[in-house]
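Undergrad: Below you'll find target-v7.cif; it's mmCIF, C-alpha atoms; chains and numbers go by the auth columns.
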data_entry
loop_
_atom_site.group_PDB
_atom_site.id
_atom_site.type_symbol
_atom_site.label_atom_id
_atom_site.label_comp_id
_atom_site.label_asym_id
_atom_site.label_seq_id
_atom_site.Cartn_x
_atom_site.Cartn_y
_atom_site.Cartn_z
_atom_site.B_iso_or_equiv
_atom_site.auth_seq_id
_atom_site.auth_asym_id
ATOM 1 C CA MET A 1 74.265 35.249 55.073 0.00 239 F
ATOM 2 C CA THR A 2 73.698 32.285 57.288 0.00 240 F
ATOM 3 C CA PRO A 3 73.177 32.714 61.023 0.00 241 F
ATOM 4 C CA GLN A 4 76.204 30.531 61.750 0.00 242 F
ATOM 5 C CA TYR A 5 78.394 32.757 59.609 0.00 243 F
ATOM 6 C CA ALA A 6 77.155 35.871 61.423 0.00 244 F
ATOM 7 C CA ILE A 7 77.935 34.317 64.814 0.00 245 F
ATOM 8 C CA THR A 8 81.372 33.281 63.606 0.00 246 F
ATOM 9 C CA THR A 9 82.035 36.810 62.336 0.00 247 F
ATOM 10 C CA VAL A 10 80.982 38.331 65.664 0.00 248 F
ATOM 11 C CA LEU A 11 83.148 35.853 67.599 0.00 249 F
ATOM 12 C CA THR A 12 86.097 36.514 65.316 0.00 250 F
ATOM 13 C CA ARG A 13 85.768 40.252 65.754 0.00 251 F
ATOM 14 C CA TRP A 14 85.450 39.881 69.547 0.00 252 F
ATOM 15 C CA ARG A 15 88.609 37.682 69.682 0.00 253 F
ATOM 16 C CA ARG A 16 90.548 40.184 67.580 0.00 254 F
ATOM 17 C CA TRP A 17 89.453 43.043 69.872 0.00 255 F
ATOM 18 C CA ARG A 18 90.312 40.974 72.966 0.00 256 F
ATOM 19 C CA ASP A 19 93.753 40.043 71.640 0.00 257 F
ATOM 20 C CA ASP A 20 94.583 43.498 70.292 0.00 258 F
ATOM 21 C CA HIS A 21 97.131 45.115 72.665 0.00 259 F
ATOM 22 C CA ARG A 22 97.719 48.260 70.678 0.00 260 F
ATOM 23 C CA GLY A 23 97.007 51.304 72.810 0.00 261 F
ATOM 24 C CA VAL A 24 97.141 49.455 76.142 0.00 262 F
ATOM 25 C CA ALA A 25 100.302 51.305 77.156 0.00 263 F
ATOM 26 C CA ALA A 26 98.701 54.646 76.287 0.00 264 F
ATOM 27 C CA VAL A 27 95.649 53.839 78.407 0.00 265 F
ATOM 28 C CA GLU A 28 97.820 52.705 81.335 0.00 266 F
ATOM 29 C CA PHE A 29 99.929 55.850 81.012 0.00 267 F
ATOM 30 C CA ALA A 30 96.812 58.043 81.022 0.00 268 F
ATOM 31 C CA ILE A 31 95.606 56.316 84.197 0.00 269 F
ATOM 32 C CA VAL A 32 98.956 56.481 86.039 0.00 270 F
ATOM 33 C CA LEU A 33 100.078 59.986 84.937 0.00 271 F
ATOM 34 C CA PRO A 34 97.961 62.041 87.393 0.00 272 F
ATOM 35 C CA PHE A 35 99.169 59.967 90.343 0.00 273 F
ATOM 36 C CA MET A 36 102.799 60.197 89.285 0.00 274 F
ATOM 37 C CA LEU A 37 102.561 63.974 88.821 0.00 275 F
ATOM 38 C CA ALA A 38 100.919 64.362 92.239 0.00 276 F
ATOM 39 C CA LEU A 39 103.700 62.301 93.849 0.00 277 F
ATOM 40 C CA TYR A 40 106.420 64.259 92.072 0.00 278 F
ATOM 41 C CA ILE A 41 104.992 67.691 92.880 0.00 279 F
ATOM 42 C CA GLY A 42 104.259 66.626 96.456 0.00 280 F
ATOM 43 C CA GLY A 43 107.820 65.375 96.859 0.00 281 F
ATOM 44 C CA VAL A 44 109.252 68.643 95.561 0.00 282 F
ATOM 45 C CA GLU A 45 107.020 70.705 97.878 0.00 283 F
ATOM 46 C CA LEU A 46 107.823 68.502 100.872 0.00 284 F
ATOM 47 C CA GLY A 47 111.551 68.730 100.165 0.00 285 F
ATOM 48 C CA ASP A 48 111.357 72.517 99.859 0.00 286 F
ATOM 49 C CA GLY A 49 109.421 72.803 103.119 0.00 287 F
ATOM 50 C CA MET A 50 111.908 70.577 104.929 0.00 288 F
ATOM 51 C CA ALA A 51 114.826 72.630 103.579 0.00 289 F
ATOM 52 C CA ILE A 52 113.265 75.857 104.845 0.00 290 F
ATOM 53 C CA GLN A 53 112.538 74.271 108.255 0.00 291 F
ATOM 54 C CA LEU A 54 116.206 73.299 108.479 0.00 292 F
ATOM 55 C CA LYS A 55 117.198 76.889 107.633 0.00 293 F
ATOM 56 C CA VAL A 56 114.833 78.194 110.344 0.00 294 F
ATOM 57 C CA THR A 57 116.395 75.835 112.908 0.00 295 F
ATOM 58 C CA ASP A 58 119.907 76.834 111.866 0.00 296 F
ATOM 59 C CA THR A 59 119.034 80.527 112.034 0.00 297 F
ATOM 60 C CA ALA A 60 117.612 80.232 115.567 0.00 298 F
ATOM 61 C CA HIS A 61 120.727 78.401 116.726 0.00 299 F
ATOM 62 C CA ILE A 62 123.183 80.748 114.992 0.00 300 F
ATOM 63 C CA VAL A 63 121.540 83.931 116.324 0.00 301 F
ATOM 64 C CA ALA A 64 121.548 82.571 119.880 0.00 302 F
ATOM 65 C CA ASP A 65 125.103 81.266 119.493 0.00 303 F
ATOM 66 C CA LEU A 66 126.474 84.580 118.174 0.00 304 F
ATOM 67 C CA THR A 67 124.825 86.425 121.041 0.00 305 F
ATOM 68 C CA THR A 68 126.255 84.036 123.658 0.00 306 F
ATOM 69 C CA GLN A 69 129.760 84.826 122.403 0.00 307 F
ATOM 70 C CA GLN A 70 129.452 88.426 123.633 0.00 308 F
ATOM 71 C CA THR A 71 131.244 89.395 126.826 0.00 309 F
ATOM 72 C CA ALA A 72 129.444 90.586 129.960 0.00 310 F
ATOM 73 C CA SER A 73 127.700 93.392 128.064 0.00 311 F
ATOM 74 C CA THR A 74 126.570 94.223 124.553 0.00 312 F
ATOM 75 C CA THR A 75 124.799 97.051 122.747 0.00 313 F
ATOM 76 C CA ALA A 76 121.595 97.278 120.746 0.00 314 F
ATOM 77 C CA ALA A 77 123.657 97.982 117.603 0.00 315 F
ATOM 78 C CA THR A 78 125.648 94.780 118.075 0.00 316 F
ATOM 79 C CA VAL A 79 122.466 92.779 118.622 0.00 317 F
ATOM 80 C CA ARG A 80 120.899 94.356 115.514 0.00 318 F
ATOM 81 C CA SER A 81 123.933 93.343 113.436 0.00 319 F
ATOM 82 C CA ILE A 82 123.626 89.784 114.754 0.00 320 F
ATOM 83 C CA LEU A 83 119.948 89.787 113.820 0.00 321 F
ATOM 84 C CA GLY A 84 120.830 91.196 110.396 0.00 322 F
ATOM 85 C CA ALA A 85 123.171 88.265 109.804 0.00 323 F
ATOM 86 C CA SER A 86 120.146 85.996 109.875 0.00 324 F
ATOM 87 C CA SER A 87 119.303 87.018 106.305 0.00 325 F
ATOM 88 C CA ALA A 88 122.508 85.280 105.221 0.00 326 F
ATOM 89 C CA THR A 89 121.637 82.083 107.056 0.00 327 F
ATOM 90 C CA ILE A 90 118.129 81.824 105.579 0.00 328 F
ATOM 91 C CA ALA A 91 119.463 82.340 102.015 0.00 329 F
ATOM 92 C CA PRO A 92 118.567 81.457 99.274 0.00 330 F
ATOM 93 C CA TYR A 93 115.048 81.969 100.665 0.00 331 F
ATOM 94 C CA SER A 94 113.634 85.459 101.132 0.00 332 F
ATOM 95 C CA ALA A 95 114.432 87.112 104.456 0.00 333 F
ATOM 96 C CA SER A 96 111.642 89.691 104.109 0.00 334 F
ATOM 97 C CA ASN A 97 109.138 87.477 105.966 0.00 335 F
ATOM 98 C CA LEU A 98 111.662 86.183 108.475 0.00 336 F
ATOM 99 C CA VAL A 99 110.991 87.186 112.099 0.00 337 F
ATOM 100 C CA VAL A 100 114.014 86.756 114.389 0.00 338 F
ATOM 101 C CA THR A 101 114.054 87.609 118.091 0.00 339 F
ATOM 102 C CA VAL A 102 116.922 87.296 120.546 0.00 340 F
ATOM 103 C CA SER A 103 116.326 87.736 124.275 0.00 341 F
ATOM 104 C CA GLU A 104 118.148 87.267 127.537 0.00 342 F
ATOM 105 C CA VAL A 105 116.102 85.249 130.010 0.00 343 F
ATOM 106 C CA SER A 106 117.079 85.248 133.693 0.00 344 F
ATOM 107 C CA THR A 107 115.720 83.250 136.603 0.00 345 F
ATOM 108 C CA ASP A 108 115.280 84.520 140.138 0.00 346 F
ATOM 109 C CA ALA A 109 116.028 82.682 143.394 0.00 347 F
ATOM 110 C CA SER A 110 112.826 80.637 143.031 0.00 348 F
ATOM 111 C CA GLY A 111 113.625 79.621 139.426 0.00 349 F
ATOM 112 C CA ALA A 112 110.958 81.808 137.754 0.00 350 F
ATOM 113 C CA ALA A 113 112.207 82.954 134.332 0.00 351 F
ATOM 114 C CA THR A 114 111.625 86.456 132.939 0.00 352 F
ATOM 115 C CA VAL A 115 112.933 88.460 129.994 0.00 353 F
ATOM 116 C CA THR A 116 115.837 90.782 130.874 0.00 354 F
ATOM 117 C CA TRP A 117 116.194 92.366 127.422 0.00 355 F
ATOM 118 C CA SER A 118 115.037 91.570 123.886 0.00 356 F
ATOM 119 C CA GLN A 119 115.571 92.725 120.294 0.00 357 F
ATOM 120 C CA SER A 120 113.736 91.630 117.140 0.00 358 F
ATOM 121 C CA LEU A 121 114.125 91.786 113.367 0.00 359 F
ATOM 122 C CA ASN A 122 110.880 92.188 111.363 0.00 360 F
ATOM 123 C CA GLY A 123 108.841 91.594 114.503 0.00 361 F
ATOM 124 C CA THR A 124 108.155 92.754 118.027 0.00 362 F
ATOM 125 C CA ALA A 125 110.698 92.253 120.793 0.00 363 F
ATOM 126 C CA ARG A 126 109.531 90.524 123.948 0.00 364 F
ATOM 127 C CA PRO A 127 108.602 92.957 126.716 0.00 365 F
ATOM 128 C CA LYS A 128 110.960 93.188 129.692 0.00 366 F
ATOM 129 C CA THR A 129 109.889 91.115 132.709 0.00 367 F
ATOM 130 C CA GLN A 130 107.652 88.895 130.555 0.00 368 F
ATOM 131 C CA ALA A 131 107.425 85.423 132.092 0.00 369 F
ATOM 132 C CA ILE A 132 108.972 82.661 130.005 0.00 370 F
ATOM 133 C CA ALA A 133 108.377 78.938 130.310 0.00 371 F
ATOM 134 C CA LEU A 134 111.720 77.142 130.260 0.00 372 F
ATOM 135 C CA PRO A 135 112.227 73.630 128.899 0.00 373 F
ATOM 136 C CA SER A 136 111.925 70.906 131.530 0.00 374 F
ATOM 137 C CA SER A 137 115.695 70.373 131.577 0.00 375 F
ATOM 138 C CA LEU A 138 116.232 74.027 132.615 0.00 376 F
ATOM 139 C CA ALA A 139 113.092 74.686 134.649 0.00 377 F
ATOM 140 C CA GLY A 140 113.505 75.457 138.321 0.00 378 F
ATOM 141 C CA GLN A 141 117.195 76.375 138.190 0.00 379 F
ATOM 142 C CA ALA A 142 117.817 79.458 140.283 0.00 380 F
ATOM 143 C CA ASN A 143 119.845 82.541 139.304 0.00 381 F
ATOM 144 C CA ILE A 144 120.840 81.580 135.772 0.00 382 F
ATOM 145 C CA SER A 145 120.824 83.584 132.553 0.00 383 F
ATOM 146 C CA LEU A 146 120.091 82.169 129.119 0.00 384 F
ATOM 147 C CA ILE A 147 120.004 83.553 125.616 0.00 385 F
ATOM 148 C CA LEU A 148 116.833 82.705 123.702 0.00 386 F
ATOM 149 C CA GLY A 149 116.933 82.753 119.903 0.00 387 F
ATOM 150 C CA GLU A 150 113.547 82.520 118.190 0.00 388 F
ATOM 151 C CA VAL A 151 112.749 82.375 114.489 0.00 389 F
ATOM 152 C CA SER A 152 109.457 82.167 112.615 0.00 390 F
ATOM 153 C CA TYR A 153 108.989 81.992 108.862 0.00 391 F
ATOM 154 C CA PRO A 154 105.671 81.859 106.978 0.00 392 F
ATOM 155 C CA TYR A 155 106.166 79.267 104.237 0.00 393 F
ATOM 156 C CA THR A 156 103.774 79.276 101.296 0.00 394 F
ATOM 157 C CA PRO A 157 104.234 76.255 99.004 0.00 395 F
ATOM 158 C CA ASN A 158 104.645 77.105 95.334 0.00 396 F
ATOM 159 C CA LEU A 159 101.978 74.747 94.016 0.00 397 F
ATOM 160 C CA GLY A 160 100.288 73.247 97.075 0.00 398 F
ATOM 161 C CA TYR A 161 99.193 76.551 98.652 0.00 399 F
ATOM 162 C CA THR A 162 95.557 75.856 97.825 0.00 400 F
ATOM 163 C CA ILE A 163 95.699 72.676 99.892 0.00 401 F
ATOM 164 C CA THR A 164 97.787 73.716 102.888 0.00 402 F
ATOM 165 C CA GLY A 165 97.802 77.510 102.759 0.00 403 F
ATOM 166 C CA THR A 166 100.678 79.266 104.497 0.00 404 F
ATOM 167 C CA VAL A 167 102.490 77.134 107.071 0.00 405 F
ATOM 168 C CA MET A 168 104.260 78.904 109.952 0.00 406 F
ATOM 169 C CA LEU A 169 107.675 77.332 110.540 0.00 407 F
ATOM 170 C CA THR A 170 109.163 78.172 113.944 0.00 408 F
ATOM 171 C CA ASP A 171 112.030 77.145 116.173 0.00 409 F
ATOM 172 C CA SER A 172 113.789 78.420 119.279 0.00 410 F
ATOM 173 C CA TYR A 173 117.011 77.740 121.168 0.00 411 F
ATOM 174 C CA PHE A 174 118.099 78.392 124.726 0.00 412 F
ATOM 175 C CA LEU A 175 121.874 78.683 125.207 0.00 413 F
ATOM 176 C CA PHE A 176 124.030 79.668 128.176 0.00 414 F
ATOM 177 C CA PRO A 177 126.341 82.704 127.761 0.00 415 F
ATOM 178 C CA ARG A 178 129.885 81.534 127.012 0.00 416 F
ATOM 179 C CA ASN A 179 132.115 84.287 128.384 0.00 417 F
ATOM 180 C CA SER A 180 130.162 85.393 131.458 0.00 418 F
ATOM 181 C CA THR A 181 127.222 84.358 133.597 0.00 419 F
ATOM 182 C CA ALA A 182 124.968 87.017 132.022 0.00 420 F
ATOM 183 C CA ILE A 183 125.045 89.461 129.095 0.00 421 F
ATOM 184 C CA SER A 184 123.631 92.873 129.880 0.00 422 F
ATOM 185 C CA CYS A 185 122.363 95.280 127.239 0.00 423 F
ATOM 186 C CA ALA A 186 121.776 98.777 128.616 0.00 424 F
ATOM 187 C CA ASP A 187 120.176 100.240 125.462 0.00 425 F
ATOM 188 C CA CYS A 188 118.122 97.205 124.378 0.00 426 F
#
What does the file become when written as structure tokens?

TA:
Amino acid sequence: MTPQYAITTVLTRWRRWRDDHRGVAAVEFAIVLPFMLALYIGGVELGDGMAIQLKVTDTAHIVADLTTQQTASTTAATVRSILGASSATIAPYSASNLVVTVSEVSTDASGAATVTWSQSLNGTARPKTQAIALPSSLAGQANISLILGEVSYPYTPNLGYTITGTVMLTDSYFLFPRNSTAISCADC
């Protein structure tokens, strides 16, 4: 074998290898697949978390809204049934971890807000006379009563829990009573 023939053979083999496109798609797929799976799974987890946050917000609003529809007084049993309805609003997610609290917050002549009464589902009710910080739009108003609905939900992602762990989703709503200036609850 002549040296020129050997060089030609090596060059021919190198050109064939360079021009051979078989398997390129498989290599590209193997490179892109992990990124595409991470994007897909991340999108599913993000969508699920956003859906649960929306349910938490809706639950806080609905519990406060149902309580504001009471007349000048209510009972602990009525408030407990309103809190129990929150399991329907959080569905299809589990209500076992859901903590829902409804409280009446009243301000004195100087505008300082304190808890008048409170009831909770799967949690601890706020103590009476506990000071509450009102939102800036309500702060400083004297002699008003508000209903505060609060919800917290510990969300654990299905697949991303090793990265984020459990995320506490919370929301709260202040609403004015609809049918009276205050809603008393003697046995709350």

Undergrad: Identify all residues satisfying the PyMOL selection byres ((chain F and resi 295) around 12) in the given file; provide them as a ChimeraX atom specification.

TA: /F:288-294,296-302,324,327-328,338,387-391,407-411

Undergrad: Skip Gly280 (chain F) itself and residues of its chain fewer than 3 positions away, then list as a PyMOL selection string all residues within 12 Å of it, counting only C-alpha atoms.

TA: chain F and resi 272-277+283-287+395-399+401-402

Undergrad: Output the residue selection produced by the PyMOL selection byres ((chain F and resi 306) around 12) on the file above, formatted as a PyMOL selection string.

TA: chain F and resi 299-305+307-312+317+320+340-342+383-387+411-422

Undergrad: Tell me, in Å to one decimal, how far CA of Gly403 (chain F) is from CA of Gly281 (chain F).

TA: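 Separation of CA of Gly403 (chain F) and CA of Gly281 (chain F): 16.8 Å.
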
Undergrad: Between F:Asn335, F:Ser319, F:Ala314, F:Gly261, single out the one closest to Ala363 (chain F), counting all atoms listed in the file.

TA: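 Ranking F:Asn335, F:Ser319, F:Ala314, F:Gly261 by distance to Ala363 (chain F), first place goes to F:Ala314.
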
Undergrad: Between CA of Val248 (chain F) and CA of Arg260 (chain F), measure the distance and give it in Å to one decimal.

TA: 20.1 Å

Undergrad: May I have the residues within 9 Å of Thr367 (chain F) as a VMD selection string, using only C-alpha atoms and disregarding those fewer than 3 positions away in the same chain?

TA: chain F and resid 343 351 to 355 364 370

Undergrad: Take the residues from that selection and write them out as a short mmCIF file (atom, residue, chain, number, x, y, z; two decimals), keeping the file's coordinate frame, keeping C-alpha atoms.

TA:
data_model
loop_
_atom_site.label_atom_id
_atom_site.label_comp_id
_atom_site.auth_asym_id
_atom_site.auth_seq_id
_atom_site.Cartn_x
_atom_site.Cartn_y
_atom_site.Cartn_z
CA VAL F 343 116.10 85.25 130.01
CA ALA F 351 112.21 82.95 134.33
CA THR F 352 111.62 86.46 132.94
CA VAL F 353 112.93 88.46 129.99
CA THR F 354 115.84 90.78 130.87
CA TRP F 355 116.19 92.37 127.42
CA ARG F 364 109.53 90.52 123.95
CA ILE F 370 108.97 82.66 130.00
#

Undergrad: Can you work out the spacing between CA of Val405 (chain F) and CA of Ser332 (chain F) in Å, to one decimal?

TA: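 Straight-line distance from CA of Val405 (chain F) to CA of Ser332 (chain F) works out to 15.1 Å.
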
Undergrad: Using all atoms listed in the file, which of the listed residues (F:Ile279, F:Ala369, F:Leu336, F:Ala326) sits closest to Pro392 (chain F)?

TA: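 Selected residue with least distance to Pro392 (chain F): F:Leu336.
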
Undergrad: Smallest atom-to-atom distance to Gln368 (chain F): which of F:Ala323, F:Ala350, F:Val270, F:Ile382, using only C-alpha atoms?

TA: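 Ranking F:Ala323, F:Ala350, F:Val270, F:Ile382 by distance to Gln368 (chain F), first place goes to F:Ala350.
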
Undergrad: Where does the PyMOL selection byres ((chain F and resi 379) around 9) land in this file, that is, which residues does it pick, as a VMD selection string?

TA: chain F and resid 345 to 350 376 to 378 380 to 382
